[in-house]
$ cat start-v5.cif   # mmCIF, C-alpha atoms
data_run
#
loop_
_atom_site.label_atom_id
_atom_site.label_comp_id
_atom_site.auth_asym_id
_atom_site.auth_seq_id
_atom_site.Cartn_x
_atom_site.Cartn_y
_atom_site.Cartn_z
CA MET A 179 -40.17 -4.18 -2.87
CA ASN A 180 -39.98 -2.11 -6.03
CA ASN A 181 -36.97 -0.08 -7.02
CA LYS A 182 -38.62 3.19 -6.20
CA ASP A 183 -39.28 2.16 -2.61
CA LEU A 184 -35.77 0.83 -2.22
CA LEU A 185 -34.24 4.07 -3.45
CA ALA A 186 -36.47 6.07 -1.15
CA ASN A 187 -35.31 3.91 1.76
CA ILE A 188 -31.67 4.33 0.78
CA LYS A 189 -32.16 8.09 0.58
CA LYS A 190 -33.78 8.14 4.01
CA ALA A 191 -30.87 6.17 5.50
CA THR A 192 -28.15 8.27 3.87
CA SER A 193 -26.25 10.91 5.78
CA LYS A 194 -26.24 14.43 4.39
CA SER A 195 -22.54 14.85 5.14
CA GLU A 196 -20.47 14.64 1.99
CA SER A 197 -17.36 12.56 1.72
CA ASN A 198 -14.18 14.29 0.62
CA PHE A 199 -12.48 10.94 0.23
CA ALA A 200 -12.42 11.20 -3.57
CA LYS A 201 -10.18 14.27 -3.31
CA LYS A 202 -7.91 12.58 -0.77
CA ALA A 203 -7.58 9.47 -2.94
CA LYS A 204 -6.73 11.57 -6.00
CA PHE A 205 -4.08 13.46 -4.02
CA ARG A 206 -2.56 10.17 -2.82
CA ILE A 207 -2.36 8.76 -6.33
CA GLU A 208 -0.85 11.92 -7.81
CA ASN A 209 1.72 12.35 -5.02
CA LYS A 210 2.72 8.74 -4.40
CA LYS A 211 6.44 9.28 -5.03
CA TRP A 212 7.14 11.83 -2.30
CA LEU A 213 4.54 10.34 0.04
CA ASP A 214 6.46 7.05 -0.19
CA TYR A 215 9.68 8.93 0.68
CA SER A 216 7.89 10.51 3.61
CA SER A 217 6.64 7.19 4.98
CA ASN A 218 10.09 5.63 4.47
CA ILE A 219 11.48 8.35 6.73
CA ALA A 220 8.65 7.82 9.24
CA TYR A 221 9.38 4.04 9.47
CA ARG A 222 13.02 4.83 10.26
CA ILE A 223 12.25 7.46 12.89
CA LEU A 224 9.77 5.10 14.56
CA SER A 225 12.37 2.35 14.59
CA PHE A 226 15.03 4.63 16.16
CA ILE A 227 12.57 5.91 18.80
CA GLU A 228 11.76 2.31 19.66
CA ASP A 229 15.43 1.49 20.25
CA ASN A 230 16.30 4.63 22.20
CA PRO A 231 14.39 5.18 25.45
CA LYS A 232 15.66 8.77 25.60
CA LEU A 233 13.88 9.61 22.37
CA SER A 234 10.20 10.42 22.34
CA GLN A 235 7.85 12.42 20.16
CA THR A 236 8.03 15.19 22.78
CA SER A 237 11.84 15.26 22.94
CA ILE A 238 12.04 15.33 19.13
CA ALA A 239 9.46 18.11 19.03
CA ASN A 240 11.49 20.11 21.56
CA SER A 241 14.72 19.63 19.60
CA LEU A 242 12.99 20.69 16.39
CA ASN A 243 11.32 23.58 18.17
CA LYS A 244 7.98 22.29 16.89
CA THR A 245 4.85 20.95 18.51
CA ARG A 246 4.27 17.30 19.38
CA GLN A 247 1.38 17.33 16.91
CA HIS A 248 3.80 18.30 14.16
CA VAL A 249 6.04 15.32 14.99
CA ASN A 250 2.96 13.12 15.07
CA LYS A 251 2.15 14.19 11.52
CA ILE A 252 5.73 13.39 10.44
CA LEU A 253 5.33 9.90 11.92
CA LYS A 254 2.16 9.36 9.92
CA GLY A 255 4.35 9.67 6.83
CA ASP A 256 2.39 12.24 4.90
CA GLN A 257 4.42 15.37 5.54
CA ASN A 258 6.32 17.03 2.73
CA LEU A 259 9.49 17.41 4.79
CA THR A 260 12.07 20.03 3.91
CA LEU A 261 15.71 19.06 3.54
CA LYS A 262 16.35 21.23 6.59
CA THR A 263 13.93 19.17 8.70
CA ILE A 264 15.37 15.88 7.40
CA GLY A 265 18.86 17.10 8.32
CA GLN A 266 17.72 18.19 11.79
CA LEU A 267 15.97 14.87 12.37
CA SER A 268 19.09 12.95 11.30
CA ASP A 269 21.14 14.92 13.83
CA ILE A 270 18.60 14.35 16.61
CA LEU A 271 18.45 10.60 15.92
CA GLY A 272 22.18 10.25 15.31
CA HIS A 273 21.44 8.33 12.10
CA GLU A 274 21.19 9.42 8.51
CA LEU A 275 17.60 9.20 7.32
CA ILE A 276 18.36 9.40 3.62
CA GLU A 277 21.25 8.26 1.46
CA PHE A 278 22.30 9.52 -1.91
CA PRO A 279 22.83 7.04 -4.74
CA LYS A 280 26.20 6.91 -6.46
CA TYR A 281 26.39 8.77 -9.74
CA LYS A 282 28.81 9.18 -12.63
CA ASP A 283 31.37 11.23 -10.68
CA SER A 284 31.45 8.59 -7.94
CA TYR A 285 33.17 6.23 -10.36
CA GLN A 286 35.53 8.68 -12.04
CA ASP A 287 39.14 7.69 -11.52
CA LEU A 288 41.00 10.94 -11.02
CA SER A 289 44.34 9.26 -11.82
CA MET A 290 43.29 9.30 -15.45
CA SER A 291 44.28 12.45 -17.23
CA ASP A 292 40.88 13.55 -18.40
CA TYR A 293 37.30 12.48 -18.56
CA SER A 294 37.38 11.37 -22.20
CA GLU A 295 40.17 8.95 -21.29
CA TYR A 296 37.96 7.49 -18.56
CA ILE A 297 35.01 7.08 -20.94
CA GLU A 298 37.31 5.45 -23.50
CA SER A 299 38.53 2.92 -20.95
CA LEU A 300 34.94 2.09 -19.97
CA ASN A 301 34.01 1.60 -23.61
CA LYS A 302 36.96 -0.70 -24.13
CA ARG A 303 35.92 -2.80 -21.15
CA MET A 304 32.37 -2.95 -22.44
CA PHE A 305 33.52 -4.11 -25.88
CA PHE A 306 35.75 -6.68 -24.20
CA TYR A 307 32.67 -8.30 -22.61
CA GLN A 308 30.80 -8.21 -25.87
CA ASP A 309 33.68 -10.01 -27.59
CA ASN A 310 34.55 -12.46 -24.80
CA ASN A 311 32.23 -14.44 -22.66
CA PHE A 312 32.36 -14.05 -18.89
CA ASN A 313 33.69 -17.55 -18.18
CA THR A 314 36.72 -17.00 -20.38
CA ALA A 315 37.50 -13.77 -18.57
CA PHE A 316 37.12 -15.54 -15.23
CA GLU A 317 39.39 -18.45 -16.16
CA ASN A 318 42.11 -16.25 -17.60
CA ASN A 319 42.30 -14.05 -14.52
CA ASN A 320 41.81 -16.48 -11.71
CA ASN A 321 45.16 -16.77 -9.95
CA ASN A 322 43.73 -17.73 -6.57
CA THR A 323 44.30 -20.98 -4.80
CA GLU A 324 41.38 -23.08 -3.64
CA SER A 325 42.01 -22.09 0.01
CA ASP A 326 41.95 -18.41 -0.96
CA LEU A 327 38.49 -18.91 -2.35
CA ILE A 328 37.29 -20.82 0.72
CA MET A 329 38.74 -18.26 3.13
CA GLY A 330 37.23 -15.41 1.16
CA ASN A 331 40.66 -14.09 0.21
CA ASN A 332 39.93 -14.33 -3.44
CA THR A 333 41.24 -11.52 -5.52
CA ILE A 334 39.66 -12.56 -8.77
CA ASN A 335 40.19 -9.88 -11.30
CA PHE A 336 36.92 -10.04 -13.19
CA ILE A 337 37.77 -6.96 -15.22
CA PRO A 338 41.07 -7.57 -16.97
CA GLU A 339 43.48 -4.72 -17.04
CA LEU A 340 43.45 -3.05 -20.38
CA LYS A 341 46.19 -1.01 -21.78
CA VAL A 342 44.86 2.37 -22.70
CA ALA A 343 46.56 3.59 -25.81
CA MET B 108 -26.14 3.81 11.62
CA LYS B 109 -26.26 5.81 8.42
CA LEU B 110 -25.12 5.33 4.86
CA LYS B 111 -22.63 7.69 3.27
CA SER B 112 -21.93 7.95 -0.43
CA ILE B 113 -18.20 7.65 -1.14
CA PHE B 114 -18.11 7.51 -4.95
CA ALA B 115 -20.95 7.59 -7.45
CA ASN B 116 -21.28 7.76 -11.20
CA THR B 117 -24.66 8.56 -12.74
CA THR B 118 -23.66 7.47 -16.25
CA THR B 119 -22.49 3.97 -15.39
CA GLN B 120 -24.98 3.81 -12.50
CA GLN B 121 -22.52 2.67 -9.91
CA VAL B 122 -22.35 3.77 -6.33
CA LEU B 123 -20.15 2.90 -3.42
CA TYR B 124 -21.59 3.65 -0.02
CA SER B 125 -20.03 3.12 3.35
CA ILE B 126 -21.64 2.79 6.74
CA ILE B 127 -21.35 5.41 9.46
CA ILE B 128 -21.53 3.78 12.85
CA LYS B 129 -20.52 6.76 14.97
CA GLY B 130 -19.76 10.42 14.23
CA ASN B 131 -19.45 11.71 10.67
CA LYS B 132 -16.76 9.43 9.30
CA SER B 133 -17.69 6.27 7.47
CA GLU B 134 -15.98 2.96 8.15
CA TYR B 135 -14.35 3.23 4.71
CA GLU B 136 -12.83 6.62 5.52
CA LYS B 137 -11.71 5.45 8.96
CA ALA B 138 -10.05 2.36 7.50
CA PHE B 139 -8.08 4.38 4.97
CA GLU B 140 -7.12 6.96 7.57
CA ASN B 141 -5.41 4.10 9.43
CA LEU B 142 -3.88 2.66 6.27
CA PHE B 143 -2.51 6.10 5.33
CA SER B 144 -0.62 6.32 8.62
CA ALA B 145 2.88 4.83 8.54
CA GLN B 146 2.83 4.81 12.34
CA TYR B 147 -0.47 2.95 12.58
CA VAL B 148 0.45 0.22 10.08
CA ARG B 149 3.90 -0.34 11.59
CA SER B 150 2.51 -0.54 15.14
CA TYR B 151 -0.26 -2.85 13.97
CA LEU B 152 2.19 -5.31 12.44
CA LYS B 153 4.54 -5.13 15.44
CA ASP B 154 1.65 -5.69 17.85
CA ASN B 155 0.61 -8.76 15.89
CA LEU B 156 3.97 -10.44 15.33
CA GLU B 157 2.78 -13.62 17.02
CA TYR B 158 -0.08 -13.98 14.52
CA ILE B 159 2.19 -13.09 11.61
CA LYS B 160 4.80 -15.70 12.61
CA SER B 161 2.26 -18.48 12.59
CA SER B 162 0.63 -17.47 9.31
CA ASP B 163 1.57 -18.02 5.68
CA VAL B 164 0.45 -14.54 4.60
CA TYR B 165 3.82 -12.92 5.41
CA LYS B 166 6.05 -15.94 4.79
CA GLY B 167 9.64 -14.94 3.97
CA GLU B 168 9.02 -11.21 4.38
CA ASN B 169 10.73 -8.81 6.75
CA LEU B 170 8.92 -5.93 8.42
CA GLU B 171 10.09 -3.36 5.87
CA GLN B 172 8.94 -5.51 2.94
CA ALA B 173 5.56 -6.03 4.60
CA LEU B 174 5.17 -2.28 5.21
CA ILE B 175 6.05 -1.38 1.64
CA GLY B 176 3.85 -4.19 0.32
CA ILE B 177 0.83 -2.94 2.29
CA ARG B 178 1.54 0.64 1.20
CA ASN B 179 1.70 -0.33 -2.47
CA GLU B 180 -1.41 -2.45 -2.15
CA ARG B 181 -3.30 0.43 -0.51
CA ASP B 182 -2.29 2.76 -3.34
CA GLU B 183 -3.27 0.17 -5.94
CA ILE B 184 -6.72 -0.06 -4.35
CA LEU B 185 -6.99 3.73 -4.56
CA LYS B 186 -6.12 3.50 -8.25
CA ARG B 187 -8.61 0.73 -8.96
CA LEU B 188 -11.40 2.11 -6.80
CA ASN B 189 -11.96 5.83 -7.29
CA ALA B 190 -14.38 8.28 -8.84
CA ASP B 191 -12.64 8.16 -12.25
CA VAL B 192 -12.63 4.37 -12.43
CA LEU B 193 -16.38 4.35 -11.80
CA LYS B 194 -16.71 5.70 -15.34
CA ILE B 195 -15.99 2.14 -16.47
CA PRO B 196 -19.24 0.12 -16.48
CA ASN B 197 -19.52 -2.69 -13.93
CA CYS B 198 -16.13 -2.01 -12.37
CA LEU B 199 -17.51 -2.46 -8.84
CA GLU B 200 -18.89 -5.84 -9.83
CA GLU B 201 -15.45 -6.85 -11.00
CA LEU B 202 -13.61 -5.50 -7.97
CA PHE B 203 -15.78 -7.08 -5.31
CA GLN B 204 -16.15 -10.82 -4.89
CA PRO B 205 -18.14 -12.95 -2.43
CA LEU B 206 -16.78 -12.88 1.12
CA THR B 207 -16.68 -16.65 1.15
CA ASN B 208 -14.80 -17.92 -1.86
CA THR B 209 -17.36 -20.59 -2.70
CA ASP B 210 -20.45 -18.41 -2.17
CA TYR B 211 -21.56 -17.71 -5.73
CA ARG B 212 -25.29 -18.07 -4.99
CA GLU B 213 -27.24 -14.90 -5.79
CA ARG B 214 -28.87 -13.59 -2.64
CA PRO B 215 -29.90 -10.23 -1.23
CA LEU B 216 -27.35 -8.27 0.82
CA LYS B 217 -24.56 -10.65 0.02
CA PRO B 218 -21.37 -10.18 2.10
CA SER B 219 -18.52 -9.29 -0.23
CA LYS B 220 -14.89 -8.34 -0.17
CA LEU B 221 -12.32 -6.53 -2.24
CA LYS B 222 -9.05 -8.38 -2.41
CA LEU B 223 -6.37 -7.41 -4.90
CA GLU B 224 -5.58 -10.18 -7.29
CA SER B 225 -3.89 -10.25 -10.58
CA LYS B 226 -4.27 -13.13 -12.95
CA HIS B 227 -1.35 -11.90 -15.01
CA ASP B 228 1.38 -11.26 -12.45
CA ARG B 229 2.24 -12.25 -8.90
CA THR B 230 2.60 -8.71 -7.50
CA PHE B 231 -0.34 -9.11 -5.16
CA LYS B 232 -0.16 -12.87 -4.74
CA ASN B 233 -0.30 -12.59 -0.97
CA SER B 234 -2.53 -9.55 -0.79
CA LYS B 235 -2.88 -8.23 2.74
CA ILE B 236 -5.69 -5.69 2.60
CA ARG B 237 -9.36 -6.62 2.62
CA ILE B 238 -12.24 -4.21 2.13
CA TYR B 239 -15.50 -5.69 3.38
CA ALA B 240 -18.83 -4.75 1.85
CA ILE B 241 -22.43 -5.76 1.35
CA ARG B 242 -23.76 -5.97 -2.17
CA VAL B 243 -27.15 -4.23 -2.23
CA THR B 244 -27.76 -4.82 -5.90
CA LYS B 245 -25.82 -4.76 -9.14
CA ASN B 246 -23.16 -2.01 -9.01
CA MET B 247 -24.19 -0.87 -5.55
CA PHE B 248 -22.10 -1.79 -2.53
CA VAL B 249 -21.96 -0.67 1.09
CA VAL B 250 -18.49 -0.87 2.63
CA THR B 251 -18.64 -2.01 6.24
CA GLY B 252 -14.93 -1.92 7.07
CA ALA B 253 -11.45 -3.11 6.19
CA ALA B 254 -8.62 -5.08 7.68
CA ILE B 255 -4.97 -5.89 7.31
CA LYS B 256 -4.92 -9.61 6.77
CA LEU B 257 -2.88 -11.46 9.36
CA VAL B 258 -4.32 -14.96 9.37
CA LYS B 259 -6.11 -17.13 6.86
CA GLU B 260 -9.51 -17.43 8.55
CA MET B 261 -11.38 -14.30 9.67
CA LYS B 262 -12.40 -15.93 12.94
CA ASP B 263 -8.76 -16.56 13.89
CA HIS B 264 -7.97 -12.91 14.69
CA PRO B 265 -10.04 -10.59 16.92
CA ASP B 266 -10.02 -7.75 14.36
CA THR B 267 -11.17 -9.77 11.36
CA ASN B 268 -13.62 -11.57 13.62
CA ALA B 269 -15.02 -8.16 14.63
CA GLU B 270 -15.32 -7.23 10.94
CA GLU B 271 -17.33 -10.38 10.30
CA ILE B 272 -19.67 -9.52 13.19
CA LYS B 273 -19.99 -5.95 11.87
CA ILE B 274 -20.97 -7.20 8.39
CA ASN B 275 -23.84 -9.12 9.98
CA GLN B 276 -24.88 -6.15 12.13
CA VAL B 277 -24.96 -3.86 9.08
CA ARG B 278 -26.91 -6.49 7.10
CA ASN B 279 -29.52 -6.64 9.86
CA TRP B 280 -29.71 -2.85 10.03
CA MET B 281 -30.20 -2.70 6.26
CA LYS B 282 -32.94 -5.33 6.43
CA ASN B 283 -34.66 -3.44 9.23
CA ASN B 284 -34.53 -0.29 7.11
CA ASN B 285 -35.87 -2.10 4.04
CA ILE B 286 -32.68 -1.58 2.08
CA GLU B 287 -32.95 -4.94 0.43
CA THR B 288 -34.03 -6.20 -2.95
CA GLU B 289 -34.17 -9.42 -4.87
CA ASP B 290 -33.73 -7.57 -8.15
CA ASP B 291 -30.86 -5.82 -9.73
CA LEU B 292 -31.57 -2.14 -9.86
CA THR B 293 -31.18 -0.67 -13.29
CA TYR B 294 -31.50 2.96 -14.15
CA TYR B 295 -32.02 3.69 -10.51
CA TYR B 296 -30.95 7.27 -10.90
CA GLU B 297 -33.92 7.93 -13.17
CA GLN B 298 -36.45 6.42 -10.76
#
$ encode --input "start-v5.cif" --output "structure tokens"
Amino acid sequence: MNNKDLLANIKKATSKSESNFAKKAKFRIENKKWLDYSSNIAYRILSFIEDNPKLSQTSIANSLNKTRQHVNKILKGDQNLTLKTIGQLSDILGHELIEFPKYKDSYQDLSMSDYSEYIESLNKRMFFYQDNNFNTAFENNNNNTESDLIMGNNTINFIPELKVA
Amino acid sequence: MKLKSIFANTTTQQVLYSIIIKGNKSEYEKAFENLFSAQYVRSYLKDNLEYIKSSDVYKGENLEQALIGIRNERDEILKRLNADVLKIPNCLEELFQPLTNTDYRERPLKPSKLKLESKHDRTFKNSKIRIYAIRVTKNMFVVTGAAIKLVKEMKDHPDTNAEEIKINQVRNWMKNNNIETEDDLTYYYEQ
């Protein structure tokens, strides 16, 4: 068969309906970050529904005052959920669906007089590790007995106390 | 059955078709619709735990890792196989490989598969998504379906077994409709 005939046969066997898959694929690639968040939430909701016989897509829909179809879309993991909906879902499930990572303030010791003092102490600790290797720090600060270590009662002070001037 | 064009590029002369068996959606679109659904993929893995336990494909992975792995693999396929990528000459030829690993003999309507592999890193070492296709000629493929890999051999799971049967059905349909050539088509858009 020559190429011309083959192409004519392909044309004859090809549907006229156009695929919009290219657009969908582009959207998926460009929005991967939040779509991943959305499916992470969906996995968790599905898992909680599975463990709680009282929960169903219908009961969740009723609590959210939305349709079952809307909940179904959430469970597919491609809904751009609002913080309000995530909060409502967490309340309905009795489990937090998202957690917030710790940030700078989470580590700030308020017993220190001001923030610059805190930064200074961190810097001093950092320089300490640059100047001393870890093993030396471990040996110098290990006051635990062998049984403490076995029993998990070790109180090894990996970060030596530093006197802040 | 009907063919449906999914992506095409007239400059590099590459085209990816898929087969429509029923309705308006092609098997390629249907497969990705399932892969896009968190609910579908999770249920699929949970329904097939017995197969997963006895296979090496998911060794050492928990359900969450498997779900995220499949999701990332799906998105990587979208990145490697889309309208923009078709601007690169012969990219389809590089993406698809023979269905049977040892089948490098040139023959018409050769069963093929897309399986993510990277020679440089181990990210997709145990890749779990397969896209099945028939190679019509150089740079022209017809996708017949896809599967989430659960077991090593296609015949060992009803879904991959069904995909293998479907490949043969589509091949026969293509033969019956004279969509078959011994030659590589070049410049077919100008014909």
$ closest_residue --input "start-v5.cif" --among "A:Leu253, A:Leu184, A:Ile207, A:Leu242" --to "Leu224 in chain A" --atoms "only C-alpha atoms"
A:Leu253
$ resolve_selection --input "start-v5.cif" --expression "the PyMOL selection byres ((chain A) within 7 of (chain B))" --output "ChimeraX atom specification"
/A:179,181-182,184,187-188,191-193,197,199-200,203,207,217,220-221,253-255
$ resolve_selection --input "start-v5.cif" --expression "the PyMOL selection byres ((chain A and resi 271) around 9)" --output "JSON, numbers by chain"
{"A": [223, 226, 227, 230, 233, 238, 266, 267, 268, 269, 270, 272, 273, 274, 275]}
$ closest_residue --input "start-v5.cif" --among "B:Tyr239, B:Gly176, B:Val250, B:Leu123" --to "Asp214 in chain A" --atoms "all atoms listed in the file"
B:Gly176
$ resolve_selection --input "start-v5.cif" --expression "the PyMOL selection byres ((chain A and resi 249) around 10)" --output "list in words"
Ala220, Ser234, Gln235, Thr236, Ser237, Ile238, Ala239, Asn240, Leu242, Lys244, Thr245, Arg246, Gln247, His248, Asn250, Lys251, Ile252, Leu253, Lys254 and Gln257 of chain A
$ atom_distance --input "start-v5.cif" --atom1 "CA of Asp163 in chain B" --atom2 "CA of Ala240 in chain B"
24.6 Å
$ atom_distance --input "start-v5.cif" --atom1 "CA of Ile276 in chain A" --atom2 "CA of Leu261 in chain A"
10.0 Å
$ atom_distance --input "start-v5.cif" --atom1 "CA of Ser195 in chain A" --atom2 "CA of Trp280 in chain B"
19.7 Å
$ residues_near_point --input "start-v5.cif" --point "(-18.2, 1.9, -15.7)" --cutoff "12 Å" --atoms "only C-alpha atoms" --output "PDB file with C-alpha atoms, in the coordinates of the input"
ATOM      1  CA  ALA B 115     -20.950   7.590  -7.450  1.00  0.00           C
ATOM      2  CA  ASN B 116     -21.280   7.760 -11.200  1.00  0.00           C
ATOM      3  CA  THR B 117     -24.660   8.560 -12.740  1.00  0.00           C
ATOM      4  CA  THR B 118     -23.660   7.470 -16.250  1.00  0.00           C
ATOM      5  CA  THR B 119     -22.490   3.970 -15.390  1.00  0.00           C
ATOM      6  CA  GLN B 120     -24.980   3.810 -12.500  1.00  0.00           C
ATOM      7  CA  GLN B 121     -22.520   2.670  -9.910  1.00  0.00           C
ATOM      8  CA  VAL B 122     -22.350   3.770  -6.330  1.00  0.00           C
ATOM      9  CA  ARG B 187      -8.610   0.730  -8.960  1.00  0.00           C
ATOM     10  CA  LEU B 188     -11.400   2.110  -6.800  1.00  0.00           C
ATOM     11  CA  ASN B 189     -11.960   5.830  -7.290  1.00  0.00           C
ATOM     12  CA  ALA B 190     -14.380   8.280  -8.840  1.00  0.00           C
ATOM     13  CA  ASP B 191     -12.640   8.160 -12.250  1.00  0.00           C
ATOM     14  CA  VAL B 192     -12.630   4.370 -12.430  1.00  0.00           C
ATOM     15  CA  LEU B 193     -16.380   4.350 -11.800  1.00  0.00           C
ATOM     16  CA  LYS B 194     -16.710   5.700 -15.340  1.00  0.00           C
ATOM     17  CA  ILE B 195     -15.990   2.140 -16.470  1.00  0.00           C
ATOM     18  CA  PRO B 196     -19.240   0.120 -16.480  1.00  0.00           C
ATOM     19  CA  ASN B 197     -19.520  -2.690 -13.930  1.00  0.00           C
ATOM     20  CA  CYS B 198     -16.130  -2.010 -12.370  1.00  0.00           C
ATOM     21  CA  LEU B 199     -17.510  -2.460  -8.840  1.00  0.00           C
ATOM     22  CA  GLU B 200     -18.890  -5.840  -9.830  1.00  0.00           C
ATOM     23  CA  GLU B 201     -15.450  -6.850 -11.000  1.00  0.00           C
ATOM     24  CA  LEU B 202     -13.610  -5.500  -7.970  1.00  0.00           C
ATOM     25  CA  ASN B 246     -23.160  -2.010  -9.010  1.00  0.00           C
TER      26      ASN B 246
END
$ residues_near_point --input "start-v5.cif" --point "(0.7, -14.0, 5.3)" --cutoff "9 Å" --atoms "all atoms listed in the file" --output "PyMOL selection string"
chain B and resi 159-166+168+233-235+256-259
$ decode --input "start-v5.cif" --residues "range 180-226 of chain B" --atoms "C-alpha atoms" --output "short mmCIF file (atom, residue, chain, number, x, y, z; two decimals), in the first residue's frame"
data_model
loop_
_atom_site.label_atom_id
_atom_site.label_comp_id
_atom_site.auth_asym_id
_atom_site.auth_seq_id
_atom_site.Cartn_x
_atom_site.Cartn_y
_atom_site.Cartn_z
CA GLU B 180 4.83 9.64 37.28
CA ARG B 181 1.53 10.65 35.65
CA ASP B 182 2.61 14.31 35.67
CA GLU B 183 6.02 13.41 34.26
CA ILE B 184 4.32 11.58 31.39
CA LEU B 185 2.24 14.70 30.74
CA LYS B 186 5.46 16.72 30.63
CA ARG B 187 7.21 14.31 28.29
CA LEU B 188 4.23 13.63 26.06
CA ASN B 189 2.37 16.79 25.07
CA ALA B 190 1.78 19.07 22.12
CA ASP B 191 4.86 21.21 22.91
CA VAL B 192 7.21 18.24 23.20
CA LEU B 193 6.10 17.05 19.77
CA LYS B 194 8.08 19.99 18.40
CA ILE B 195 11.17 17.89 19.11
CA PRO B 196 11.81 15.54 16.16
CA ASN B 197 11.36 11.82 16.80
CA CYS B 198 10.28 12.28 20.41
CA LEU B 199 7.51 9.68 20.05
CA GLU B 200 10.03 7.18 18.76
CA GLU B 201 12.12 7.76 21.85
CA LEU B 202 9.22 7.62 24.29
CA PHE B 203 7.66 4.40 23.05
CA GLN B 204 9.43 1.07 23.13
CA PRO B 205 8.38 -2.43 22.06
CA LEU B 206 5.74 -4.00 24.28
CA THR B 207 7.92 -7.05 24.72
CA ASN B 208 11.37 -6.02 25.84
CA THR B 209 13.16 -8.30 23.40
CA ASP B 210 10.96 -7.51 20.38
CA TYR B 211 13.22 -5.25 18.32
CA ARG B 212 12.21 -6.78 14.95
CA GLU B 213 10.69 -4.21 12.59
CA ARG B 214 7.15 -5.22 11.74
CA PRO B 215 3.90 -3.50 10.83
CA LEU B 216 1.55 -2.46 13.65
CA LYS B 217 4.03 -3.33 16.32
CA PRO B 218 2.63 -3.37 19.89
CA SER B 219 4.45 -0.75 21.94
CA LYS B 220 4.44 0.79 25.37
CA LEU B 221 5.47 3.96 27.13
CA LYS B 222 7.22 3.28 30.39
CA LEU B 223 9.08 6.01 32.23
CA GLU B 224 12.72 5.25 32.60
CA SER B 225 15.66 7.36 33.37
CA LYS B 226 19.16 6.23 32.63
#
